[in-house]
$ cat final-v4.txt   # compact mmCIF, C-alpha atoms
# COMPACT_ATOMS: atom_id res chain seq x y z
CA ALA A 30 -82.41 51.93 -9.91
CA VAL A 31 -80.33 49.11 -8.43
CA ALA A 32 -82.05 45.84 -7.66
CA ALA A 33 -81.49 44.07 -4.36
CA GLU A 34 -81.77 40.38 -3.57
CA ASP A 35 -85.06 40.80 -1.70
CA GLY A 36 -86.76 41.94 -4.88
CA SER A 37 -86.61 45.62 -4.04
CA ALA A 38 -84.95 48.41 -5.98
CA ALA A 39 -82.77 51.13 -4.56
CA VAL A 40 -83.55 54.52 -6.04
CA PRO A 41 -81.77 57.83 -5.39
CA ALA A 42 -83.39 60.16 -2.86
CA GLU A 43 -82.62 63.72 -1.81
CA GLY A 44 -79.33 64.34 -0.01
CA GLY A 45 -77.59 61.38 -1.65
CA ALA A 46 -79.50 58.83 0.45
CA MET A 47 -81.10 55.74 -1.04
CA ARG A 48 -84.61 54.49 -0.51
CA LEU A 49 -86.00 51.05 -1.32
CA ARG A 50 -88.95 50.56 -3.61
CA GLN A 51 -90.51 47.09 -3.78
CA VAL A 52 -90.42 45.58 -7.23
CA ILE A 53 -92.46 42.39 -7.63
CA GLN A 54 -91.76 41.65 -11.28
CA GLU A 55 -90.71 43.20 -14.52
CA SER A 56 -93.38 44.31 -16.98
CA GLY A 57 -94.32 42.29 -20.04
CA LEU A 58 -93.80 38.85 -18.52
CA GLU A 59 -97.08 37.66 -19.99
CA ASP A 60 -95.98 38.71 -23.48
CA TRP A 61 -93.39 36.05 -24.27
CA SER A 62 -93.54 35.04 -27.92
CA GLU A 63 -93.21 31.52 -29.27
CA ALA A 64 -89.75 32.47 -30.51
CA ASP A 65 -88.76 33.45 -26.95
CA TYR A 66 -89.77 30.04 -25.60
CA VAL A 67 -87.95 28.27 -28.42
CA ALA A 68 -84.81 30.32 -27.78
CA MET A 69 -84.87 29.36 -24.10
CA ARG A 70 -85.38 25.70 -24.99
CA ASP A 71 -82.48 25.83 -27.44
CA ASP A 72 -80.15 27.31 -24.81
CA GLU A 73 -78.35 23.98 -24.53
CA PRO A 74 -76.34 24.50 -21.29
CA ARG A 75 -79.42 25.80 -19.47
CA THR A 76 -81.76 23.08 -20.77
CA LYS A 77 -79.32 20.25 -20.11
CA ALA A 78 -78.67 21.50 -16.58
CA TYR A 79 -82.40 21.52 -15.81
CA GLU A 80 -82.86 18.08 -17.34
CA ALA A 81 -79.96 16.61 -15.36
CA ALA A 82 -81.23 18.12 -12.10
CA ILE A 83 -84.78 16.86 -12.64
CA ASN A 84 -83.58 13.37 -13.61
CA LYS A 85 -81.34 13.22 -10.54
CA ARG A 86 -84.09 14.37 -8.20
CA LEU A 87 -86.67 11.89 -9.51
CA GLN A 88 -84.29 8.97 -9.90
CA GLY A 89 -85.34 6.04 -7.74
CA THR A 90 -88.75 7.44 -6.82
CA GLN A 91 -90.45 4.58 -8.67
CA GLY A 92 -93.09 6.80 -10.18
CA SER A 93 -94.37 8.07 -6.84
CA SER A 94 -93.43 11.76 -7.04
CA VAL A 95 -95.82 14.62 -7.78
CA VAL A 96 -94.32 17.73 -9.41
CA VAL A 97 -95.50 21.28 -10.05
CA ASP A 98 -93.95 23.37 -12.82
CA ILE A 99 -94.57 27.08 -12.23
CA GLY A 100 -94.54 29.16 -15.42
CA THR A 101 -94.47 26.18 -17.74
CA GLY A 102 -94.59 28.26 -20.95
CA SER A 103 -95.98 27.22 -24.32
CA LEU A 104 -93.58 24.27 -24.62
CA ALA A 105 -94.24 22.87 -21.13
CA LEU A 106 -90.54 22.07 -21.21
CA LEU A 107 -89.79 21.34 -17.55
CA ALA A 108 -93.12 19.60 -17.03
CA ILE A 109 -92.37 17.22 -19.90
CA MET A 110 -88.87 16.61 -18.52
CA ALA A 111 -90.38 15.69 -15.14
CA ALA A 112 -92.98 13.39 -16.69
CA LYS A 113 -90.36 11.59 -18.77
CA ALA A 114 -88.08 11.33 -15.73
CA GLY A 115 -90.71 9.28 -13.94
CA ALA A 116 -93.02 11.68 -12.10
CA LYS A 117 -96.40 10.18 -11.28
CA LYS A 118 -98.21 13.47 -11.90
CA VAL A 119 -97.13 16.94 -13.05
CA TYR A 120 -99.17 20.11 -12.59
CA ALA A 121 -98.01 22.70 -15.13
CA ILE A 122 -99.15 26.21 -14.20
CA GLU A 123 -99.11 29.02 -16.77
CA LYS A 124 -100.50 32.53 -16.37
CA ASN A 125 -100.47 33.51 -20.04
CA PRO A 126 -103.72 32.18 -21.62
CA GLU A 127 -102.21 31.72 -25.08
CA ALA A 128 -99.12 29.99 -23.72
CA ALA A 129 -101.30 27.74 -21.55
CA LYS A 130 -103.35 26.76 -24.58
CA LYS A 131 -100.23 25.91 -26.56
CA ALA A 132 -98.80 24.02 -23.58
CA LYS A 133 -101.89 21.77 -23.56
CA GLU A 134 -101.41 21.13 -27.27
CA THR A 135 -97.73 20.33 -26.71
CA VAL A 136 -98.54 17.89 -23.90
CA THR A 137 -101.10 16.15 -26.10
CA LYS A 138 -98.59 15.83 -28.96
CA GLU A 139 -96.13 14.23 -26.52
CA GLY A 140 -98.80 11.74 -25.45
CA LEU A 141 -98.56 12.87 -21.83
CA ASP A 142 -102.14 13.96 -21.12
CA GLY A 143 -102.40 11.23 -18.50
CA LYS A 144 -99.42 12.56 -16.56
CA ILE A 145 -99.40 16.33 -17.11
CA GLN A 146 -102.27 18.64 -16.23
CA VAL A 147 -101.88 22.18 -17.57
CA ILE A 148 -103.53 24.77 -15.32
CA GLU A 149 -104.12 28.28 -16.61
CA GLY A 150 -103.75 30.92 -13.90
CA ASP A 151 -101.54 32.76 -11.46
CA SER A 152 -99.73 30.24 -9.27
CA THR A 153 -100.39 32.37 -6.18
CA GLN A 154 -104.13 32.01 -6.79
CA VAL A 155 -104.26 28.44 -8.07
CA GLU A 156 -105.25 25.54 -5.80
CA LEU A 157 -103.78 22.10 -6.45
CA PRO A 158 -105.73 18.92 -5.64
CA GLU A 159 -102.77 17.42 -3.78
CA LYS A 160 -99.41 18.26 -2.25
CA VAL A 161 -96.30 17.96 -4.41
CA ASP A 162 -92.85 16.52 -3.79
CA LEU A 163 -90.94 18.82 -6.15
CA ILE A 164 -91.28 22.39 -7.42
CA VAL A 165 -89.58 23.24 -10.72
CA SER A 166 -89.55 26.69 -12.27
CA GLU A 167 -87.67 29.02 -14.58
CA LEU A 168 -88.59 32.44 -13.20
CA ILE A 169 -85.10 33.90 -13.11
CA GLY A 170 -84.48 37.24 -14.79
CA SER A 171 -81.22 39.05 -15.49
CA ILE A 172 -81.35 39.84 -11.79
CA ALA A 173 -82.33 36.82 -9.71
CA THR A 174 -85.51 38.35 -8.31
CA GLN A 175 -86.46 40.28 -11.46
CA GLU A 176 -89.42 38.10 -12.41
CA GLY A 177 -90.87 37.99 -8.91
CA VAL A 178 -89.49 34.53 -8.16
CA GLU A 179 -89.14 35.07 -4.40
CA PRO A 180 -92.79 35.70 -3.44
CA ILE A 181 -93.99 33.16 -6.02
CA ILE A 182 -91.77 30.36 -4.72
CA LYS A 183 -92.42 31.22 -1.08
CA ASP A 184 -96.14 30.93 -1.75
CA ALA A 185 -95.66 27.62 -3.57
CA GLU A 186 -93.51 26.29 -0.73
CA LYS A 187 -96.16 27.19 1.82
CA ARG A 188 -99.22 25.93 -0.06
CA PHE A 189 -98.06 23.22 -2.48
CA LEU A 190 -95.06 21.46 -1.01
CA ARG A 191 -95.31 18.27 1.02
CA GLU A 192 -93.17 18.23 4.15
CA SER A 193 -89.94 16.29 3.81
CA GLU A 194 -87.04 15.37 6.08
CA GLY A 195 -84.61 16.59 3.43
CA GLY A 196 -85.75 20.21 3.76
CA THR A 197 -87.34 22.45 1.17
CA CYS A 198 -84.16 23.15 -0.82
CA ALA A 199 -84.01 19.49 -1.80
CA GLN A 200 -87.56 19.83 -3.12
CA MET A 201 -86.95 22.78 -5.44
CA ILE A 202 -85.20 23.23 -8.77
CA PRO A 203 -83.44 25.61 -8.74
CA ALA A 204 -82.73 25.35 -5.02
CA ARG A 205 -81.18 28.81 -4.78
CA VAL A 206 -80.24 31.77 -6.95
CA GLU A 207 -77.61 34.44 -6.58
CA THR A 208 -77.09 37.80 -8.25
CA ARG A 209 -73.62 39.29 -8.51
CA ILE A 210 -73.24 42.92 -9.46
CA ALA A 211 -70.04 44.77 -10.32
CA PRO A 212 -69.80 48.49 -11.11
CA VAL A 213 -68.73 49.13 -14.69
CA LYS A 214 -67.75 52.34 -16.45
CA TYR A 215 -67.54 52.28 -20.22
CA THR A 216 -64.68 54.34 -21.61
CA GLU A 217 -64.30 55.24 -25.24
CA HIS A 218 -63.31 52.15 -27.17
CA ARG A 219 -63.57 51.00 -30.77
CA ILE A 220 -65.95 48.22 -29.74
CA MET A 221 -68.42 50.87 -28.59
CA GLN A 222 -68.21 52.60 -31.96
CA PHE A 223 -68.84 49.26 -33.66
CA ALA A 224 -71.82 48.55 -31.41
CA SER A 225 -73.26 51.99 -32.05
CA LYS A 226 -73.12 51.47 -35.82
CA ARG A 227 -74.81 48.08 -35.48
CA GLY A 228 -77.48 49.53 -33.20
CA VAL A 229 -76.45 47.27 -30.33
CA MET A 230 -76.24 49.66 -27.43
CA SER A 231 -77.19 49.08 -23.81
CA ARG A 232 -80.26 50.78 -22.41
CA GLY A 233 -79.81 53.90 -20.34
CA LYS A 234 -77.62 56.99 -20.73
CA PRO A 235 -73.84 56.92 -20.39
CA ALA A 236 -72.17 59.00 -17.72
CA PRO A 237 -70.69 62.30 -18.92
CA ASP A 238 -67.33 62.01 -20.72
CA THR A 239 -67.45 58.20 -20.93
CA LEU A 240 -68.41 58.03 -24.61

$ encode --input "final-v4.txt" --output "structure tokens"
Amino acid sequence: AVAAEDGSAAVPAEGGAMRLRQVIQESGLEDWSEADYVAMRDDEPRTKAYEAAINKRLQGTQGSSVVVDIGTGSLALLAIMAAKAGAKKVYAIEKNPEAAKKAKETVTKEGLDGKIQVIEGDSTQVELPEKVDLIVSELIGSIATQEGVEPIIKDAEKRFLRESEGGTCAQMIPARVETRIAPVKYTEHRIMQFASKRGVMSRGKPAPDTL
């Protein structure tokens, strides 16, 4: 199947035609381990980019901005960044019960209980007590729409976001995502033999005569 930007997947049909099948999110998203969250936090370029964007967006707001972090994870990473950058209030939503519990513990350890409220639940079903000025999230899979980011963010934009003259893109981090796909054919190469011996092979079956 080939994923499209609207969150659908193109699958082969009879006669060589393609049909679209809607794909909301990949399976297992509620099964992130603590090690997974730590690995994402320790991805320095990614983490620094988020921190810089959040700091820039909240700079000069004099502690008046309200933020929602969708999919905050066990470390409540983006929520804590927003709180430390000067947000007045941060609502940190997490669907995974265990991750939500750990996020509350993390927030308490950081001494930010007064600023960050962790909410356990699906963001599309959660109600916030007030409108927010900024939506932050890290719901991007290997393909931009893989984790269901489009319907989730559209819902958040409609129900959570306060109207602003700057437009909604200025009120979201990330403001946009893009997937680029290039066709690749693996030919026999010593690196493939090395990968095979190490057990590091891509998922799926190779085309005939390519390995």

$ residues_around --input "final-v4.txt" --residues "A:Asn84" --least-positions-apart "3" --cutoff "10 Å" --atoms "all atoms listed in the file" --output "compact mmCIF listing (two decimals) with C-alpha atoms, in the coordinates of the input"
# COMPACT_ATOMS: atom_id res chain seq x y z
CA ALA A 78 -78.67 21.50 -16.58
CA TYR A 79 -82.40 21.52 -15.81
CA GLU A 80 -82.86 18.08 -17.34
CA ALA A 81 -79.96 16.61 -15.36
CA LEU A 87 -86.67 11.89 -9.51
CA GLN A 88 -84.29 8.97 -9.90
CA GLY A 89 -85.34 6.04 -7.74
CA MET A 110 -88.87 16.61 -18.52
CA ALA A 111 -90.38 15.69 -15.14
CA ALA A 112 -92.98 13.39 -16.69
CA LYS A 113 -90.36 11.59 -18.77
CA ALA A 114 -88.08 11.33 -15.73
CA GLY A 115 -90.71 9.28 -13.94
CA ALA A 116 -93.02 11.68 -12.10

$ atom_distance --input "final-v4.txt" --atom1 "atom CA of A:Thr101" --atom2 "atom CA of A:Thr208"
23.0 Å

$ closest_residue --input "final-v4.txt" --among "A:Glu63, A:Asp98, A:Asp71, A:Glu192" --to "A:Ile164" --atoms "all atoms listed in the file"
A:Asp98

$ atom_distance --input "final-v4.txt" --atom1 "atom CA of A:Val67" --atom2 "atom CA of A:Asp142"
21.4 Å

$ closest_residue --input "final-v4.txt" --among "A:Ser152, A:Ser94, A:Gln200, A:Ser166" --to "A:Asp184" --atoms "all atoms listed in the file"
A:Ser152

$ atom_distance --input "final-v4.txt" --atom1 "atom CA of A:Val178" --atom2 "atom CA of A:Lys138"
29.4 Å

$ closest_residue --input "final-v4.txt" --among "A:Thr90, A:Val155, A:Gly100, A:Tyr120" --to "A:Gly143" --atoms "all atoms listed in the file"
A:Tyr120

$ closest_residue --input "final-v4.txt" --among "A:Gln154, A:Gln146, A:Ser62, A:Asn125" --to "A:Val97" --atoms "only C-alpha atoms"
A:Gln146

$ axis_aligned_box --input "final-v4.txt" --around "stretch 93-110 of chain A" --padding-each-side "4 Å" --output "lines of an AutoDock Vina configuration file"
center_x = -92.4
center_y = 18.6
center_z = -15.7
size_x = 15.1
size_y = 29.1
size_z = 25.8
